[in-house]
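The structure file target_12.txt is reproduced below (compact mmCIF, C-alpha atoms).
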# COMPACT_ATOMS: atom_id res chain seq x y z
CA MET B 160 -23.05 28.67 1.77
CA ILE B 161 -22.98 29.59 -1.93
CA VAL B 162 -19.46 29.02 -3.23
CA ASP B 163 -19.95 30.11 -6.84
CA CYS B 164 -22.81 30.90 -9.19
CA ALA B 165 -22.24 31.46 -12.91
CA HIS B 166 -24.21 31.75 -16.12
CA TYR B 167 -22.78 29.90 -19.16
CA ARG B 168 -23.86 30.53 -22.75
CA ASP B 169 -22.19 29.77 -26.07
CA GLY B 170 -19.42 27.92 -24.27
CA ARG B 171 -18.33 30.88 -22.12
CA ARG B 172 -18.94 32.34 -18.71
CA GLN B 173 -21.01 35.47 -19.10
CA HIS B 174 -19.67 37.45 -16.12
CA GLU B 175 -16.87 37.65 -13.61
CA GLY B 176 -17.41 36.54 -10.02
CA PRO B 177 -20.50 34.97 -8.49
CA MET B 178 -23.97 36.43 -9.02
CA PRO B 179 -26.87 36.77 -6.58
CA LEU B 180 -29.34 33.92 -6.30
CA GLU B 181 -32.31 35.86 -7.68
CA GLU B 182 -30.34 37.03 -10.71
CA ALA B 183 -29.16 33.47 -11.39
CA ALA B 184 -32.75 32.18 -11.39
CA ALA B 185 -33.76 34.95 -13.79
CA ARG B 186 -30.93 34.15 -16.22
CA CYS B 187 -32.22 30.59 -16.69
CA THR B 188 -34.65 32.04 -19.26
CA GLN B 189 -31.92 33.84 -21.26
CA GLY B 190 -30.39 30.76 -22.87
CA GLY B 191 -27.52 28.59 -21.76
CA PHE B 192 -27.53 27.32 -18.18
CA VAL B 193 -26.69 28.43 -14.66
CA TRP B 194 -24.34 26.46 -12.38
CA LEU B 195 -24.95 27.13 -8.70
CA GLY B 196 -22.44 25.57 -6.31
CA MET B 197 -23.20 25.28 -2.57
CA PHE B 198 -21.24 23.84 0.36
CA GLU B 199 -23.13 22.45 3.37
CA PRO B 200 -26.04 24.91 3.10
CA GLY B 201 -28.56 25.31 5.90
CA PRO B 202 -32.29 24.52 5.63
CA GLU B 203 -33.21 28.19 5.12
CA GLU B 204 -30.71 28.63 2.30
CA LEU B 205 -31.94 25.46 0.58
CA ALA B 206 -35.52 26.67 0.95
CA ARG B 207 -34.59 29.88 -0.92
CA VAL B 208 -32.97 27.85 -3.69
CA ARG B 209 -36.03 25.58 -3.95
CA GLU B 210 -38.36 28.56 -4.32
CA SER B 211 -36.09 30.31 -6.83
CA PHE B 212 -35.56 27.31 -9.13
CA GLY B 213 -38.78 25.39 -8.49
CA LEU B 214 -37.16 22.25 -7.13
CA HIS B 215 -39.21 19.34 -5.86
CA GLU B 216 -39.64 19.32 -2.09
CA LEU B 217 -38.63 15.66 -1.74
CA ALA B 218 -35.51 16.25 -3.83
CA VAL B 219 -34.38 19.05 -1.51
CA GLU B 220 -34.99 16.86 1.56
CA ASP B 221 -32.98 14.08 -0.08
CA ALA B 222 -30.07 16.44 -0.67
CA GLN B 223 -29.91 17.27 3.04
CA ALA B 224 -29.54 13.62 4.14
CA PHE B 225 -26.30 11.65 4.00
CA HIS B 226 -26.47 8.52 1.85
CA LEU B 227 -24.39 5.35 1.91
CA ARG B 228 -24.78 4.67 -1.83
CA PRO B 229 -24.94 6.83 -4.96
CA LYS B 230 -28.27 7.02 -6.70
CA ALA B 231 -30.18 8.88 -9.43
CA GLU B 232 -33.84 9.91 -9.55
CA ARG B 233 -35.88 11.76 -12.15
CA TYR B 234 -38.85 13.94 -11.22
CA GLU B 235 -41.95 14.88 -13.19
CA ASP B 236 -40.67 18.32 -14.16
CA GLY B 237 -37.65 16.72 -15.87
CA THR B 238 -35.18 17.59 -13.11
CA GLU B 239 -32.75 14.82 -12.15
CA LEU B 240 -31.26 14.35 -8.71
CA ILE B 241 -27.90 12.54 -8.83
CA ILE B 242 -26.08 11.77 -5.59
CA LEU B 243 -22.39 10.86 -5.63
CA ARG B 244 -20.05 9.68 -2.87
CA THR B 245 -16.60 11.24 -2.77
CA ALA B 246 -13.45 9.94 -1.08
CA ARG B 247 -10.04 11.28 -0.07
CA TYR B 248 -7.16 9.60 1.77
CA ASP B 249 -5.72 11.38 4.81
CA ASP B 250 -2.01 10.54 5.07
CA GLU B 251 -1.62 11.71 8.67
CA ARG B 252 -4.48 9.64 10.11
CA GLU B 253 -4.17 6.89 7.47
CA GLU B 254 -7.92 6.95 7.00
CA ILE B 255 -10.38 7.61 4.17
CA ASP B 256 -12.45 10.79 4.40
CA THR B 257 -15.77 10.62 2.58
CA GLY B 258 -18.14 13.28 1.31
CA GLU B 259 -21.22 13.63 -0.82
CA ILE B 260 -22.34 15.68 -3.81
CA SER B 261 -26.01 16.13 -4.68
CA ILE B 262 -26.58 17.36 -8.25
CA PHE B 263 -29.85 18.90 -9.41
CA LEU B 264 -29.62 18.65 -13.19
CA ALA B 265 -32.08 20.38 -15.53
CA GLU B 266 -31.87 21.82 -19.02
CA HIS B 267 -31.21 25.40 -17.89
CA PHE B 268 -29.58 25.00 -14.49
CA VAL B 269 -27.26 22.79 -12.44
CA ILE B 270 -27.22 23.00 -8.64
CA THR B 271 -24.53 21.14 -6.70
CA VAL B 272 -24.81 20.68 -2.95
CA ARG B 273 -21.57 19.44 -1.34
CA GLN B 274 -21.29 17.74 2.04
CA GLY B 275 -17.97 16.89 3.71
CA ILE B 276 -14.42 18.07 3.10
CA ALA B 277 -13.72 15.51 0.38
CA SER B 278 -16.04 17.12 -2.18
CA GLU B 279 -14.12 20.00 -3.76
CA LEU B 280 -15.38 20.95 -7.26
CA THR B 281 -13.22 23.96 -8.10
CA GLY B 282 -11.07 21.88 -10.42
CA ALA B 283 -14.08 20.53 -12.32
CA ARG B 284 -15.50 24.02 -12.90
CA SER B 285 -12.13 25.40 -14.00
CA ARG B 286 -11.52 22.49 -16.38
CA LEU B 287 -14.95 22.89 -17.94
CA GLU B 288 -14.53 26.64 -18.37
CA HIS B 289 -11.37 25.91 -20.37
CA SER B 290 -13.30 23.58 -22.69
CA PRO B 291 -15.83 25.76 -24.55
CA GLU B 292 -16.69 22.96 -26.97
CA LEU B 293 -18.03 20.93 -24.05
CA LEU B 294 -19.80 23.86 -22.40
CA ARG B 295 -21.77 24.42 -25.62
CA THR B 296 -23.38 20.98 -25.26
CA GLY B 297 -25.39 22.22 -22.28
CA SER B 298 -25.82 21.44 -18.60
CA ALA B 299 -24.97 17.74 -19.05
CA SER B 300 -21.34 18.78 -19.52
CA THR B 301 -21.18 19.78 -15.86
CA LEU B 302 -22.28 16.27 -14.88
CA TRP B 303 -19.42 14.80 -16.92
CA ALA B 304 -16.90 17.20 -15.35
CA ILE B 305 -18.07 16.33 -11.83
CA LEU B 306 -18.12 12.58 -12.50
CA ASP B 307 -14.70 12.71 -14.09
CA GLN B 308 -13.19 14.51 -11.10
CA VAL B 309 -14.90 12.22 -8.56
CA VAL B 310 -13.77 9.03 -10.32
CA ASP B 311 -10.23 10.37 -10.78
CA SER B 312 -10.08 11.12 -7.04
CA TYR B 313 -10.77 7.43 -6.35
CA ALA B 314 -7.43 6.34 -7.85
CA PRO B 315 -5.17 7.80 -5.07
CA VAL B 316 -7.46 6.26 -2.46
CA VAL B 317 -7.09 2.83 -4.09
CA THR B 318 -3.31 3.25 -4.16
CA GLU B 319 -3.00 4.25 -0.51
CA LEU B 320 -5.41 1.54 0.60
CA GLU B 321 -3.37 -1.00 -1.35
CA ARG B 322 -0.22 0.19 0.44
CA ASP B 323 -1.85 -0.27 3.85
CA ILE B 324 -3.03 -3.75 2.91
CA GLU B 325 0.45 -4.72 1.68
CA GLN B 326 1.95 -3.67 5.03
CA ILE B 327 -0.53 -5.78 6.97
CA GLU B 328 -0.10 -8.66 4.52
CA ALA B 329 3.69 -8.61 4.88
CA THR B 330 3.36 -8.67 8.67
CA VAL B 331 0.92 -11.58 8.72
CA PHE B 332 2.66 -13.79 6.18
CA SER B 333 6.01 -13.29 7.89
CA GLY B 334 4.60 -15.24 10.82
CA THR B 335 4.10 -12.20 13.06
CA VAL B 336 0.72 -11.45 14.58
CA ALA B 337 -0.78 -8.25 13.14
CA PRO B 338 -3.23 -6.03 15.07
CA THR B 339 -6.64 -7.56 14.37
CA GLU B 340 -8.31 -4.22 15.02
CA ARG B 341 -6.32 -2.65 12.17
CA ILE B 342 -7.39 -5.40 9.76
CA TYR B 343 -11.04 -4.97 10.72
CA PHE B 344 -10.71 -1.21 10.26
CA LEU B 345 -9.24 -1.61 6.78
CA ARG B 346 -11.97 -4.13 5.93
CA ARG B 347 -14.63 -1.64 6.98
CA GLU B 348 -13.00 1.16 4.98
CA ALA B 349 -12.76 -1.05 1.89
CA THR B 350 -16.44 -1.99 2.29
CA ASP B 351 -17.54 1.63 2.64
CA PHE B 352 -15.42 2.58 -0.36
CA TYR B 353 -16.96 -0.26 -2.38
CA ARG B 354 -20.44 1.04 -1.52
CA ALA B 355 -19.42 4.41 -2.95
CA VAL B 356 -17.93 2.98 -6.15
CA HIS B 357 -20.05 0.02 -7.21
CA PRO B 358 -23.55 1.65 -7.29
CA LEU B 359 -22.09 4.52 -9.29
CA LEU B 360 -21.74 2.15 -12.25
CA ALA B 361 -25.53 1.98 -12.59
CA VAL B 362 -25.83 5.76 -12.24
CA LEU B 363 -23.25 6.35 -14.95
CA ALA B 364 -24.74 3.66 -17.20
CA ARG B 365 -27.92 5.74 -17.47
CA ARG B 366 -26.00 8.47 -19.33
CA LEU B 367 -24.45 6.12 -21.93
CA PRO B 368 -27.41 5.20 -24.18
CA PRO B 369 -27.88 7.60 -27.12
CA GLY B 370 -30.45 10.26 -26.37
CA ARG B 371 -29.66 10.54 -22.68
CA SER B 372 -26.78 12.95 -23.33
CA ALA B 373 -25.44 15.02 -26.18
CA PRO B 374 -23.64 12.88 -28.80
CA GLU B 375 -20.47 14.90 -28.23
CA LEU B 376 -20.43 13.86 -24.56
CA LEU B 377 -20.93 10.11 -25.02
CA PRO B 378 -17.21 9.32 -25.56
CA TYR B 379 -16.37 11.28 -22.41
CA PHE B 380 -18.97 9.43 -20.34
CA ARG B 381 -17.67 6.10 -21.70
CA ASP B 382 -14.14 7.05 -20.67
CA VAL B 383 -15.31 7.80 -17.11
CA HIS B 384 -17.24 4.52 -17.10
CA ASP B 385 -14.11 2.56 -18.09
CA HIS B 386 -12.08 4.18 -15.31
CA LEU B 387 -14.84 3.43 -12.83
CA LEU B 388 -14.92 -0.23 -13.87
CA LEU B 389 -11.20 -0.52 -13.15
CA VAL B 390 -11.57 1.09 -9.72
CA ASN B 391 -14.52 -1.17 -8.92
CA GLU B 392 -12.51 -4.30 -9.75
CA GLU B 393 -9.56 -3.16 -7.63
CA VAL B 394 -11.72 -2.33 -4.63
CA ALA B 395 -13.52 -5.68 -4.85
CA ALA B 396 -10.15 -7.46 -5.00
CA GLN B 397 -8.96 -5.52 -1.94
CA ARG B 398 -12.02 -6.64 0.04
CA ASP B 399 -11.33 -10.28 -0.82
CA LEU B 400 -7.65 -9.89 0.01
CA LEU B 401 -8.45 -8.41 3.42
CA THR B 402 -10.72 -11.37 4.15
CA THR B 403 -7.82 -13.72 3.35
CA VAL B 404 -5.42 -11.68 5.47
CA LEU B 405 -7.85 -11.75 8.39
CA GLU B 406 -8.17 -15.54 8.19
CA ALA B 407 -4.38 -15.91 7.95
CA ASN B 408 -3.91 -13.63 10.97
CA ILE B 409 -6.33 -15.74 13.00
CA ALA B 410 -4.29 -18.83 12.03
CA VAL B 411 -1.06 -17.09 13.11
CA ILE B 412 -2.67 -16.17 16.44
CA SER B 413 -3.67 -19.82 16.95
CA VAL B 414 -0.13 -21.00 16.21
CA GLU B 415 1.28 -18.43 18.64
CA GLN B 416 -1.15 -19.52 21.32
CA ASN B 417 -0.11 -23.14 20.78
CA ARG B 418 3.53 -22.12 21.18
CA ILE B 419 2.73 -20.36 24.45
CA THR B 420 0.83 -23.42 25.66
CA LEU B 421 3.78 -25.68 24.80
CA ARG B 422 6.20 -23.39 26.62
CA GLN B 423 3.95 -23.38 29.66
CA SER B 424 3.70 -27.18 29.54
CA ALA B 425 7.48 -27.51 29.37
CA THR B 426 7.86 -25.13 32.31
CA MET B 427 5.31 -27.09 34.34
CA GLU B 428 7.12 -30.32 33.48
CA ARG B 429 10.42 -28.96 34.78
CA LEU B 430 8.75 -27.68 37.94
CA THR B 431 7.11 -31.08 38.46
CA ILE B 432 10.47 -32.85 38.16
CA VAL B 433 12.01 -30.47 40.70
CA ALA B 434 9.06 -30.99 43.06
CA THR B 435 9.34 -34.78 42.63
CA VAL B 436 13.03 -34.66 43.55
CA PHE B 437 12.41 -32.66 46.70
CA LEU B 438 9.31 -34.59 47.80
CA PRO B 439 11.18 -37.62 49.32
CA LEU B 440 13.64 -35.29 51.03
CA SER B 441 10.78 -33.33 52.51
CA PHE B 442 9.21 -36.57 53.74
CA VAL B 443 12.44 -37.77 55.38
CA VAL B 444 13.15 -34.40 56.99
CA GLY B 445 9.57 -34.11 58.17
CA PHE B 446 9.46 -37.63 59.53
CA PHE B 447 12.71 -37.49 61.47
CA GLY B 448 12.08 -33.97 62.57
CA GLN B 449 9.23 -35.10 64.84
CA ASN B 450 10.09 -34.94 68.55
CA PHE B 451 8.07 -37.99 69.64
CA GLU B 452 9.63 -39.90 72.54
CA TRP B 453 9.28 -43.29 70.87
CA LEU B 454 10.92 -41.98 67.70
CA VAL B 455 13.87 -40.58 69.57
CA ARG B 456 14.50 -43.74 71.62
CA HIS B 457 14.08 -46.41 68.92
CA ILE B 458 15.73 -44.83 65.86
CA ASP B 459 19.24 -44.55 67.15
CA THR B 460 21.07 -46.86 64.70
CA PHE B 461 21.63 -46.85 60.96
CA PRO B 462 19.62 -50.09 60.29
CA ALA B 463 16.68 -48.60 62.17
CA PHE B 464 16.96 -45.49 59.98
CA LEU B 465 16.88 -47.64 56.82
CA ALA B 466 13.96 -49.73 58.03
CA LEU B 467 11.73 -46.94 59.26
CA GLY B 468 12.88 -44.02 57.12
CA LEU B 469 13.41 -45.48 53.70
CA GLY B 470 10.91 -48.26 54.27
CA GLY B 471 8.25 -45.77 55.25
CA LEU B 472 9.09 -43.83 52.07
CA MET B 473 8.91 -46.82 49.73
CA LEU B 474 5.65 -48.18 51.11
CA PRO B 475 3.42 -45.24 50.02
CA CYS B 476 5.23 -45.10 46.68
CA LEU B 477 4.41 -48.79 46.11
CA VAL B 478 0.77 -48.25 47.09
CA LEU B 479 0.53 -45.27 44.72
CA TYR B 480 2.04 -47.27 41.86
CA VAL B 481 -0.42 -50.18 42.34
CA TRP B 482 -3.37 -47.80 42.46
CA LEU B 483 -2.32 -45.93 39.27
CA HIS B 484 -1.76 -49.24 37.47
CA ARG B 485 -5.27 -50.43 38.31
CA GLN B 486 -6.82 -47.12 37.27
CA ARG B 487 -5.06 -47.25 33.90
CA GLY B 488 -6.32 -50.78 33.31
CA ARG B 489 -9.92 -49.72 33.96
CA THR B 490 -9.87 -46.76 31.56
CA ALA B 491 -7.87 -48.39 28.75
CA PRO B 492 -9.87 -48.79 25.50
CA PRO B 493 -10.64 -52.32 24.29
CA LEU B 494 -8.17 -53.80 21.88
CA PRO B 495 -9.36 -54.09 18.26
CA GLU B 496 -9.96 -57.49 16.76
CA ALA B 497 -7.50 -59.07 14.39
CA GLY B 498 -7.78 -58.24 10.71
CA ASN B 499 -9.73 -55.15 9.70
CA GLY B 500 -11.61 -55.02 12.98
CA LEU B 501 -15.01 -55.79 11.44
CA HIS B 502 -17.31 -58.34 13.04
CA ARG B 503 -18.09 -61.11 10.64
CA THR B 504 -20.98 -63.50 11.05
CA PRO B 505 -19.91 -67.06 10.32
CA ARG B 506 -21.59 -68.64 7.37
CA SER B 507 -23.88 -71.50 8.04
CA ALA B 508 -22.93 -74.74 6.47
CA PRO B 509 -24.94 -75.66 3.41
CA GLY B 510 -27.52 -78.17 4.44
Can I see the file as structure tokens?
Amino acid sequence: MIVDCAHYRDGRRQHEGPMPLEEAAARCTQGGFVWLGMFEPGPEELARVRESFGLHELAVEDAQAFHLRPKAERYEDGTELIILRTARYDDEREEIDTGEISIFLAEHFVITVRQGIASELTGARSRLEHSPELLRTGSASTLWAILDQVVDSYAPVVTELERDIEQIEATVFSGTVAPTERIYFLRREATDFYRAVHPLLAVLARRLPPGRSAPELLPYFRDVHDHLLLVNEEVAAQRDLLTTVLEANIAVISVEQNRITLRQSATMERLTIVATVFLPLSFVVGFFGQNFEWLVRHIDTFPAFLALGLGGLMLPCLVLYVWLHRQRGRTAPPLPEAGNGLHRTPRSAPG
């Protein structure tokens, strides 16, 4: 879909409202430059634009694909293809929405192909139309306006991402386990954002040497480059911080698991003590609860109860104690030698 198409000459827009595609291509020979803006165009619409403006076939195919990194290419006819990654923070979903802008830059025309919702360029066009001194420098001024808006849109994303990281960081370093999935998600978002920011430094650096742009635009490109450097440093620091937070969260999870294990061990210890207390009682009740004739006839006095009941209880306990003592003696490690434990070979007497 064609959003806007305008012809600029002598620092001013030459008409009101968008113009047809064929008329825009014809005005490229009348001085100034034409800025054609498109949003998620179809293959047929891009084919019409390629035929009207003589774009390279590979450049048009590249503009239809979605890229992970910004890049810049120059073709034999002098047309440059510059691909930028855009970003916008969604407060409701607490996620980063990304988009892409493909810029076909030539001396007499600029064609922008936007993909994704985070790629609005109305503000850049309006700002440039209110700066006739920049419009007079030619089509390169549109590249500055687009780069300036894209880099400025990175700052709110950095701020919101920093806020999310601070919330996770406060949770982890307070000793509470944070959702690991949320940390991984933020780490992935920071990595994707870094891929959009860092390669753009090389793309922007190509416009800084004298001769690549109009002298009037060089200070503006340097200003955008400085802002981009700051964003790049902050995003890189956020990636490192998220790595530290992830490691700290894993440590907190380990500590919490150890606490659970200790609580389970203490519970098992209490249950073992209770079972140990009731074990002799169960033995006595079970033994004297047998209805054998011999048992009923011979255990009819208190001494007989002590001899057979308690004696029968103490005998297996004594056997168990002797057996455990022998087992412990077999598995005990050998005692170290006196001194530092090293084996010394005695010296032979001098002969």
Next on the checklist: Here is a test: counting all atoms listed in the file, which residue of B:Leu401, B:Leu421, B:Leu302, B:Met197 is nearest to Ile161 of chain B?
Outcome noted: B:Met197
Checklist outcome for this item: As a check of understanding: the span from atom CA of Leu367 of chain B to atom CA of Ile241 of chain B is 15.0 Å
Set the distance at 9 Å and use all atoms listed in the file: which residues neighbour segment 225-238 of chain B once local chain neighbours fewer than 3 positions away are removed? I'd like the list as a PDB file with C-alpha atoms, in the coordinates of the input.
ATOM      1  CA  LEU B 214     -37.160  22.250  -7.130  1.00  0.00           C
ATOM      2  CA  HIS B 215     -39.210  19.340  -5.860  1.00  0.00           C
ATOM      3  CA  ALA B 218     -35.510  16.250  -3.830  1.00  0.00           C
ATOM      4  CA  ASP B 221     -32.980  14.080  -0.080  1.00  0.00           C
ATOM      5  CA  ALA B 222     -30.070  16.440  -0.670  1.00  0.00           C
ATOM      6  CA  ILE B 241     -27.900  12.540  -8.830  1.00  0.00           C
ATOM      7  CA  ILE B 242     -26.080  11.770  -5.590  1.00  0.00           C
ATOM      8  CA  LEU B 243     -22.390  10.860  -5.630  1.00  0.00           C
ATOM      9  CA  ARG B 244     -20.050   9.680  -2.870  1.00  0.00           C
ATOM     10  CA  GLY B 258     -18.140  13.280   1.310  1.00  0.00           C
ATOM     11  CA  GLU B 259     -21.220  13.630  -0.820  1.00  0.00           C
ATOM     12  CA  PHE B 263     -29.850  18.900  -9.410  1.00  0.00           C
ATOM     13  CA  LEU B 264     -29.620  18.650 -13.190  1.00  0.00           C
ATOM     14  CA  ALA B 265     -32.080  20.380 -15.530  1.00  0.00           C
ATOM     15  CA  GLU B 266     -31.870  21.820 -19.020  1.00  0.00           C
ATOM     16  CA  GLN B 274     -21.290  17.740   2.040  1.00  0.00           C
ATOM     17  CA  ASP B 351     -17.540   1.630   2.640  1.00  0.00           C
ATOM     18  CA  ARG B 354     -20.440   1.040  -1.520  1.00  0.00           C
ATOM     19  CA  ALA B 355     -19.420   4.410  -2.950  1.00  0.00           C
ATOM     20  CA  VAL B 356     -17.930   2.980  -6.150  1.00  0.00           C
ATOM     21  CA  HIS B 357     -20.050   0.020  -7.210  1.00  0.00           C
ATOM     22  CA  PRO B 358     -23.550   1.650  -7.290  1.00  0.00           C
ATOM     23  CA  LEU B 359     -22.090   4.520  -9.290  1.00  0.00           C
ATOM     24  CA  ALA B 361     -25.530   1.980 -12.590  1.00  0.00           C
ATOM     25  CA  VAL B 362     -25.830   5.760 -12.240  1.00  0.00           C
ATOM     26  CA  ARG B 365     -27.920   5.740 -17.470  1.00  0.00           C
TER      27      ARG B 365
END
Next on the checklist: Between atom CA of Ile255 of chain B and atom CA of Glu348 of chain B, what is the distance in Å, rounded to a tenth?
Outcome noted: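 Atom CA of Ile255 of chain B sits 7.0 Å away from atom CA of Glu348 of chain B.
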Checklist entry - For the atom pair atom CA of Leu280 of chain B and atom CA of Glu175 of chain B, what is the interatomic distance in Å to one decimal place? => result 17.9 Å
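Compared by their closest atoms to Asn408 of chain B, and using all atoms listed in the file, the residues B:Tyr343, B:Tyr480, B:Phe212, B:Phe268 rank with B:Tyr343 nearest.
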Next on the checklist: Could you list, as a VMD selection string, every residue within 7 Å of segment 306-311 of chain B, counting all atoms listed in the file and ignoring same-chain residues fewer than 4 positions away?
Outcome noted: chain B and resid 245 283 302 383 387
Next on the checklist: I need the residue nearest Arg209 of chain B from this list: B:Ile270, B:Ile327, B:Thr188, B:Pro177. Use only C-alpha atoms for the distance.
Outcome noted: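 With only C-alpha atoms as the atom set, the closest residue is B:Ile270.
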Item to check | For Leu293 of chain B, the nearest of the candidates B:Val433, B:Leu377, B:Ile276, B:Leu217, counting only C-alpha atoms | outcome: B:Leu377
Next on the checklist: Neighbouring residues of Val162 of chain B were defined as those with any atom within 12 Å, considering all atoms listed in the file; residues of the same chain fewer than 5 positions away were excluded. Please report them as a count of residues only.
Outcome noted: 20
Item to check | Neighbour list for Asp256 of chain B as JSON, numbers by chain, cut-off 8 Å, all atoms listed in the file, skip fewer than 2 positions in-chain | outcome: {"B": [246, 247, 248, 249, 254, 258, 276, 277]}
Item to check | Nearest candidate to Ser333 of chain B (options B:Ala407, B:Ala299, B:Leu388, B:Cys164; using only C-alpha atoms) | outcome: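 The answer is B:Ala407, which sits nearest to Ser333 of chain B.
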